[in-house]
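Quick notes on the structure that follows.
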Amino acid sequence: MQFPAEPFRIKVVEPLKITSREEREKLIKEAGYNIFMIPADSIYIDLLTDSGTSAMSDNQWAGLMLGDESYAGSKNYYHFEETVRHIFGFKNVIPTHQGRVAENLLFSNILKEGDVVPNNIHFDTTRANVEYHKAQAIDCVIDEGMDPQNLHPFKGNMDIDKLEAAIQKYGKDRVPIILLTVTNNSGGGQPVSMQNIREVSAVAKKHGIPFFFDACRFAENCYFIKEREDGYQDKTILEIAQEMFSYADGCTMSAKKDGLVNIGGFLAMNDDQWAQRITNMLILIEGFKTYGGLAGRDLEAIARGLKEVLDENYLRFRINQTRFLGEMLDKEGVPIVKPVGGHAVYVDARRFLPHIPPEQFPGQALVVELFVRAGIRSVEIGSLMMAKKDPQTGKMIPPKLELVRLAIPRRVYTNMHMQYVAEAIIEIYREREKLKGFTIEYEADFLRHFTARLKPI
Ligand SMILES: CC1=C(O)/C(=C\N=C(/C)C(=O)O)C(COP(=O)(O)O)=CN1
């Protein structure tokens with residue numbers, strides 16, 4: 001079977017409200033054409049993000065009843081710590097309530113003004129947390145990783161020459177850490193090969209620079225290695241994960257992705273001094289080291305989720321469901337980032353709507369039409385979210401990529417839902433000339449996409 005059916009059955013259902021087109025037109029207008037302002041219960045299929053939107057298993061829900069809410073030394077923490085150590089291999093395990101806190105805690109303790117952090121591509125929060133500390137986030141992804149049509153099997157790879165050049169240019173004293181994001185969310189959910197991980201590790205060791213993963217979607221990255229890299233077909237996902245992390249010194253992790261939970265994250269590292277400093281700050285802003293801003297039951301759910309996410313039947317379904325949606329679109333000529341990523345299908349809005357210039361937000365035009373026509377929520381990753389302004393002219397600098405991300409929550413939607421999404425997008429594609437752009441009515445000074453108000457041209 002090319003696309004295996006769901007390797008789980010449904011035990012609890014959450015009825016979805018079906019709204020009319022008129023209702024949706026009213027809602028999106030009231031929301032200032034900003035999809036973040038739409039009430040979730042008026043959305044039929046929510047592909048805004050795969051972060052925190054997974055369905056937990058009965059095993060995880062059962063674990064919630066075993067929450068040990070002791071202030072210190074909760075038994076769930078030790079189960080969580082032992083599970084993270086087993087999979088990730090790092091000595092010190094520090095719970096946080098989500099990934100960006102892990103990033104903030106790490107950068108607050110290792111970055112100084114003027115430092116430089118190389119990465120394949122920084123996700124928004126990672127970049128924002130680096131820049132918040134007046135450091136520079138440098139993206140060093142291979143050139144193929146910026147070409148939506150290039151079929152390189154590991155488009156998330158770091159360009160080793162670009163990495164070396166950044167270290168030479170700024171000097172290793174201004175490079176306190178090297179990051180590698182698996183999979184590469186901002187580049188289309190693309191994986192990094194084990195060979196490339198070894199090469200990044202060798203550069204880090206050569207210069208004596210700590211090497212950390214942003215491990216949000218680590219299990220999906222391992223599945224792509226198993227599927228595409230010679231020598232890994234017969235290895236288990238756990239074995240691939242253990243090898244992958246053995247090349248690094250630590251990781252930040254949002255358990256809201258490959259932890260299969262709705263809240264949670266952690267930092268893990270071998271260096272005791274960094275761990276001690278970070279733990280001291282954790283106690284100040286998140287809570288004692290055995291809970292870090294989470295309830296005991298959350299830690300239990302993460303421990304159980306980290307074991308489930310390594311299951312090959314789950315990953316085969318997960319990756320192939322995303323591929324199923326992507327291939328339905330690709331077959332009808334809808335321009336998407338290829339190969340299809342692990343957690344999302346990225347529509348190339350610039351090629352979908354060539355008649356709408358970047359300054360009129362083509363991605364946003366597609367996002368709005370998809371909601372009005374079909375009640376589907378997606379998100380624009382391009383002019384509205386990522387664009388920078390030219391400091392001299394104040395004019396927007398069009399980003400290299402103008403994408404609309406269809407992020408698929410884990411174990412939530414069936415393949416029938418995917419077919420509905422595909423039909424809606426294909427219908428819009430056939431009538432794409434009718435779509436018009438937007439201008440900005442209000443925008444905040446930073447991360448404007450969350451609060452911007454737009455108006456149709
Ligand atoms: C690669 C990466 C992410 O994708 C990420 C969050 N991603 C979101 C929210 C997303 O919609 O993709 C974060 C932040 O995690 P957090 O949303 O704070 O748990 C860090 N790294």
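Note on naming: chains are A, B, ... as they come in the structure tokens, residues start from 1 per chain, ligands start from 1 in the order shown.
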
Discussion item. Excluding A:Lys436 and its own-chain neighbours fewer than 4 positions away, which residues fall within 8 Å of it when counting only C-alpha atoms? Please give them as a list in words.
Written reply: Ile356, Pro362, Ala365, Pro456 and Ile457 of chain A

Query raised in the report: Residues at most 8 Å from ligand 1, using only C-alpha atoms and all ligand atoms? Could they come as a PyMOL selection string?
Result: chain A and resi 48-52+97-103+122-126+181-186+214-217+252-257+263-265+407

The selected residues should be written to file as a compact mmCIF listing (two decimals), in the first residue's frame (atoms: C-alpha atoms).
```
# COMPACT_ATOMS: atom_id res chain seq x y z
CA LEU A 48 -1.99 26.94 11.24
CA THR A 49 0.63 24.89 13.05
CA ASP A 50 1.75 21.38 14.02
CA SER A 51 3.02 22.86 17.32
CA GLY A 52 1.00 21.91 20.39
CA HIS A 97 7.14 24.95 29.39
CA GLN A 98 7.97 25.22 25.67
CA GLY A 99 10.75 25.58 23.13
CA ARG A 100 11.26 29.34 23.05
CA VAL A 101 11.86 29.35 26.82
CA ALA A 102 14.62 26.80 26.30
CA GLU A 103 16.07 29.12 23.64
CA HIS A 122 16.74 29.87 12.32
CA PHE A 123 13.05 29.50 13.09
CA ASP A 124 11.35 32.83 13.95
CA THR A 125 11.53 32.41 17.74
CA THR A 126 15.14 31.20 17.58
CA THR A 181 17.47 22.72 13.15
CA VAL A 182 15.97 19.27 12.48
CA THR A 183 13.89 19.23 10.42
CA ASN A 184 14.38 22.67 8.89
CA ASN A 185 10.98 24.31 9.48
CA SER A 186 11.61 27.68 7.82
CA ASP A 214 17.06 22.56 17.64
CA ALA A 215 15.42 19.16 17.95
CA CYS A 216 11.70 20.03 17.58
CA ARG A 217 11.04 17.53 14.77
CA THR A 252 16.79 22.80 22.69
CA MET A 253 13.43 21.06 22.24
CA SER A 254 9.82 22.03 21.88
CA ALA A 255 7.94 18.89 22.94
CA LYS A 256 4.88 20.47 21.29
CA LYS A 257 6.08 18.89 18.04
CA ILE A 263 2.63 21.96 26.11
CA GLY A 264 6.21 21.30 27.11
CA GLY A 265 9.84 21.61 26.15
CA ALA A 407 1.06 22.36 8.82
```

- Message: Quick one: residues within 12 Å of A:Glu144, only C-alpha atoms, excluding same-chain residues fewer than 2 positions away - as a ChimeraX atom specification?
- Response: /A:120,140-142,146-159,187-188,190,337-339

How about saving the chosen residues, N, CA, C and O atoms kept, as a compact mmCIF listing (two decimals), in the first residue's frame?
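Below is the file that was written, again26.txt:
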```
# COMPACT_ATOMS: atom_id res chain seq x y z
N ASN A 120 21.32 26.15 10.19
CA ASN A 120 20.93 25.97 8.78
C ASN A 120 19.94 27.10 8.45
O ASN A 120 20.27 28.00 7.66
N CYS A 140 22.93 29.35 7.24
CA CYS A 140 23.98 28.76 6.37
C CYS A 140 23.47 27.53 5.63
O CYS A 140 24.25 26.60 5.35
N VAL A 141 22.19 27.48 5.32
CA VAL A 141 21.64 26.30 4.62
C VAL A 141 22.24 26.19 3.23
O VAL A 141 22.69 27.21 2.65
N ILE A 142 22.28 24.96 2.68
CA ILE A 142 22.82 24.78 1.32
C ILE A 142 21.93 25.56 0.33
O ILE A 142 20.74 25.78 0.59
N MET A 146 17.12 26.71 -0.62
CA MET A 146 16.34 27.93 -0.85
C MET A 146 15.64 27.88 -2.20
O MET A 146 15.04 28.85 -2.65
N ASP A 147 15.72 26.68 -2.86
CA ASP A 147 15.09 26.56 -4.18
C ASP A 147 13.88 25.63 -4.08
O ASP A 147 14.04 24.41 -3.93
N PRO A 148 12.66 26.18 -4.09
CA PRO A 148 11.46 25.37 -3.85
C PRO A 148 11.32 24.16 -4.77
O PRO A 148 10.70 23.18 -4.40
N GLN A 149 11.94 24.21 -5.94
CA GLN A 149 11.77 23.13 -6.90
C GLN A 149 12.88 22.08 -6.86
O GLN A 149 12.76 21.02 -7.44
N ASN A 150 13.99 22.39 -6.19
CA ASN A 150 15.13 21.47 -6.20
C ASN A 150 14.80 20.21 -5.40
O ASN A 150 14.28 20.32 -4.29
N LEU A 151 15.12 19.04 -5.97
CA LEU A 151 14.70 17.77 -5.34
C LEU A 151 15.80 17.15 -4.48
O LEU A 151 15.80 15.94 -4.22
N HIS A 152 16.76 17.94 -4.02
CA HIS A 152 17.80 17.42 -3.13
C HIS A 152 17.12 16.70 -1.96
O HIS A 152 16.21 17.25 -1.33
N PRO A 153 17.55 15.47 -1.61
CA PRO A 153 16.86 14.69 -0.56
C PRO A 153 17.05 15.23 0.85
O PRO A 153 16.29 14.91 1.74
N PHE A 154 18.08 16.08 1.05
CA PHE A 154 18.34 16.65 2.39
C PHE A 154 18.55 18.16 2.27
O PHE A 154 19.62 18.69 2.52
N LYS A 155 17.49 18.86 1.93
CA LYS A 155 17.57 20.31 1.68
C LYS A 155 17.75 21.12 2.97
O LYS A 155 17.95 22.32 2.93
N GLY A 156 17.69 20.42 4.10
CA GLY A 156 17.94 21.11 5.38
C GLY A 156 19.41 21.16 5.72
O GLY A 156 19.81 21.80 6.70
N ASN A 157 20.25 20.55 4.90
CA ASN A 157 21.68 20.48 5.23
C ASN A 157 22.33 21.85 5.41
O ASN A 157 21.97 22.82 4.73
N MET A 158 23.30 21.88 6.32
CA MET A 158 24.14 23.07 6.51
C MET A 158 25.19 23.09 5.40
O MET A 158 25.75 22.06 5.06
N ASP A 159 25.45 24.28 4.86
CA ASP A 159 26.54 24.42 3.88
C ASP A 159 27.82 24.59 4.70
O ASP A 159 28.01 25.62 5.36
N GLY A 187 12.61 26.27 6.12
CA GLY A 187 13.02 25.97 4.74
C GLY A 187 12.10 24.93 4.10
O GLY A 187 12.43 24.33 3.07
N GLY A 188 10.95 24.65 4.76
CA GLY A 188 10.01 23.71 4.15
C GLY A 188 9.95 22.35 4.82
O GLY A 188 9.57 21.35 4.22
N GLN A 190 12.37 20.42 5.78
CA GLN A 190 13.32 19.57 5.08
C GLN A 190 14.35 18.96 6.02
O GLN A 190 14.81 19.62 6.95
N VAL A 337 6.66 23.46 -2.41
CA VAL A 337 8.07 23.15 -2.14
C VAL A 337 8.23 21.63 -2.23
O VAL A 337 7.45 20.87 -1.65
N LYS A 338 9.22 21.23 -3.00
CA LYS A 338 9.47 19.79 -3.15
C LYS A 338 10.92 19.49 -2.78
O LYS A 338 11.77 20.38 -2.90
N PRO A 339 11.24 18.31 -2.28
CA PRO A 339 10.31 17.24 -1.91
C PRO A 339 9.37 17.71 -0.79
O PRO A 339 9.71 18.66 -0.07
```

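Of note, atom CA of A:Phe36 and atom CA of A:Thr451 are spaced 7.6 Å apart.
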
Filtered DSSP result for stretch 107-346 of chain A, state helix (DSSP H, G or I), as number ranges by chain
A: 107-110, 124-132, 143-146, 160-170, 172-174, 185-187, 194-207, 218-228, 237-246, 272-285, 296-308, 312-331

Residues within 9 Å of stretch 80-85 of chain A, please, as a CSV table (one decimal) with N, CA and C atoms, in the first residue's frame. Count only C-alpha atoms; anything in the same chain fewer than 4 positions from it doesn't count.
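Output contents, as saved in part-v6.csv:
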```
chain,number,residue,atom,x,y,z
A,75,LYS,N,8.0,12.0,40.7
A,75,LYS,CA,8.4,10.8,40.0
A,75,LYS,C,8.3,10.9,38.5
A,76,ASN,N,7.4,11.8,38.1
A,76,ASN,CA,7.3,12.0,36.6
A,76,ASN,C,8.5,12.7,36.0
A,89,GLY,N,20.7,11.2,25.0
A,89,GLY,CA,22.0,10.9,25.5
A,89,GLY,C,22.7,12.0,26.2
A,90,PHE,N,22.1,13.2,26.4
A,90,PHE,CA,22.8,14.3,27.1
A,90,PHE,C,22.6,14.1,28.7
A,91,LYS,N,23.6,14.5,29.4
A,91,LYS,CA,23.6,14.3,30.9
A,91,LYS,C,22.6,15.1,31.6
A,92,ASN,N,22.6,16.4,31.3
A,92,ASN,CA,21.7,17.3,32.1
A,92,ASN,C,20.4,17.6,31.3
A,93,VAL,N,19.3,17.4,32.0
A,93,VAL,CA,18.0,17.5,31.4
A,93,VAL,C,17.2,18.6,32.2
A,94,ILE,N,16.8,19.6,31.4
A,94,ILE,CA,16.1,20.8,32.1
A,94,ILE,C,14.8,21.1,31.5
A,95,PRO,N,13.7,20.8,32.2
A,95,PRO,CA,12.3,21.0,31.6
A,95,PRO,C,12.0,22.5,31.5
A,268,ALA,N,18.7,20.1,26.9
A,268,ALA,CA,19.5,19.0,27.4
A,268,ALA,C,20.9,19.2,26.9
A,299,LEU,N,4.9,16.3,32.5
A,299,LEU,CA,6.2,15.6,32.3
A,299,LEU,C,5.9,14.1,32.0
A,300,GLU,N,4.9,13.6,32.6
A,300,GLU,CA,4.6,12.2,32.3
A,300,GLU,C,4.1,12.0,30.9
A,301,ALA,N,3.3,12.9,30.4
A,301,ALA,CA,2.8,12.9,29.0
A,301,ALA,C,3.9,13.0,28.0
A,302,ILE,N,4.9,13.9,28.3
A,302,ILE,CA,6.1,14.0,27.4
A,302,ILE,C,6.9,12.7,27.4
A,303,ALA,N,7.2,12.2,28.6
A,303,ALA,CA,8.0,10.9,28.6
A,303,ALA,C,7.3,9.9,27.7
A,304,ARG,N,6.0,9.7,27.9
A,304,ARG,CA,5.3,8.7,27.1
A,304,ARG,C,5.2,9.1,25.6
A,306,LEU,N,7.5,10.9,23.9
A,306,LEU,CA,8.8,10.7,23.3
A,306,LEU,C,9.0,9.2,22.9
A,307,LYS,N,8.4,8.3,23.6
A,307,LYS,CA,8.6,6.9,23.3
A,307,LYS,C,7.7,6.6,22.1
```

Subject >> Polymer residues at most 6 Å from stretch 205-213 of chain A, only C-alpha atoms, same-chain spacing of 2 or more positions, as a ChimeraX atom specification >> reply: /A:177-181,202-203,215,248-251

Contacts of A:Ile381 at 8 Å or less, counting only C-alpha atoms, minus same-chain residues fewer than 6 places along, as a PyMOL selection string? chain A and resi 363+401-405
